[in-house]
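Enquirer: This structure is in structure tokens; I'll ask about it shortly.
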Amino acid sequence: MLFLAGFWKNGEAWEADADVDADIGEEKRIAITFDDGPHRLYTPKLLDGLKERGIHATFFLVGENIGNNEALVKRMAEEGHLIGNHTYHHVELTSLPEDKARQEVEQTDQTISKITGEHVAYMRPPFGAWKKEMETELEVMPVLWTVDPLDW
């Protein structure tokens, strides 16, 4: 999976190819993702901690939070983290008309790509509410979750 970020085993970082589950023949992996940033106070601390541990994560950014935090977005990209889209205003896409939903995704993509020079390939829809037809219209892959930690 392209968006896998960090690998953990027994609370310690480990190399992906260092351990294989003998029972099923597959590596154990975990994707570390963060939604809603960047935040001017907390994101730098988070990036420092990830860097210290040699771990990469995926950051799904809310477009309206990027203003005045462009340096943080640039740092994320330079340090090898994957940057994804989390809409511009953190809205439920399925509750919007088609053109407004598309605008939420496109505006965030444009904001991020102005900083990183690359379009965003991954989308985490707020609340997990996704319009399937948008995948082909916007050439973006939705990334949902299997466990909600209820940390919001």
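Ordered as shown in the structure tokens, chains take letters A, B, and onward, while each chain numbers its residues from 1 and ligands are numbered from 1 in the order shown.
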If DSSP is run on the backbone, what residues of stretch 61-113 of chain A are strand (DSSP E)? A reply as a list in words would be ideal.

Expert: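 Reading the DSSP output for stretch 61-113 of chain A, strand (DSSP E) covers Leu61, Leu82, Ile83, Gly84 and Asn85 of chain A.
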
Enquirer: Check chain A with DSSP on the backbone and list each residue it calls alpha helix (DSSP H), as number ranges by chain.

Expert: A: 42-53, 70-78, 98-116, 134-138

Enquirer: Which residues, written as a ChimeraX atom specification, have at least one atom at most 8 Å from stretch 110-122 of chain A, with only C-alpha atoms counted and residues fewer than 3 positions away on the same chain left out?

Expert: /A:63,66,70,73-74,77,83-85,106-107,139-143

Enquirer: Given the selection you just returned, output its residues as a file containing C-alpha atoms, formatted as a tab-separated table (two decimals), in the first residue's frame.

Expert:
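Result file selection31.tsv:
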```tsv
chain	number	residue	atom	x	y	z
A	63	GLY	CA	-7.21	23.41	3.11
A	66	ILE	CA	-2.85	25.67	5.46
A	70	GLU	CA	2.83	26.76	4.33
A	73	VAL	CA	3.38	21.64	4.60
A	74	LYS	CA	6.70	22.11	2.84
A	77	ALA	CA	6.92	16.93	2.02
A	83	ILE	CA	0.26	14.59	2.12
A	84	GLY	CA	-3.41	13.91	1.46
A	85	ASN	CA	-6.60	15.91	1.08
A	106	GLU	CA	-10.03	20.74	-5.81
A	107	GLN	CA	-9.38	23.85	-3.71
A	139	GLU	CA	-8.39	11.16	-10.06
A	140	VAL	CA	-8.09	10.74	-6.32
A	141	MET	CA	-8.14	7.60	-4.21
A	142	PRO	CA	-10.23	7.63	-1.02
A	143	VAL	CA	-8.49	6.37	2.10
```

Enquirer: Considering only C-alpha atoms, state which residue in the set A:His86, A:Lys45, A:Arg29, A:Lys100 is at the smallest distance from A:Met123.

Expert: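 Closest to A:Met123, using only C-alpha atoms: A:His86.
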
Enquirer: Show me, as a ChimeraX atom specification, the residues that have an atom within 12 Å of A:Leu46 when counting only C-alpha atoms, minus same-chain residues fewer than 5 positions from it.

Expert: /A:32-34,37-41,51-53,55-59,72,75-76,81

Enquirer: In Å, rounded to a single decimal, give me how far atom CA of A:Glu92 is from atom CA of A:Ala129.

Expert: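 If I compute the distance from atom CA of A:Ala129 to atom CA of A:Glu92, I get 6.0 Å.
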
Enquirer: Between A:Ala31, A:Leu47, A:Leu82, A:Leu96, which one has atoms that come closest to A:Leu144, using only C-alpha atoms?

Expert: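 Distance minimum relative to A:Leu144 lands on A:Ala31.
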
Enquirer: In Å to one decimal, how far is atom CA of A:Asp151 from atom CA of A:Leu50?

Expert: 19.2 Å

Enquirer: For A:Phe127, work out the shell of residues within 12 Å, counting only C-alpha atoms and skipping chain neighbours fewer than 3 positions away, then give it as a ChimeraX atom specification.

Expert: /A:35-36,86-87,90-95,124,130,143-145,148,150,152
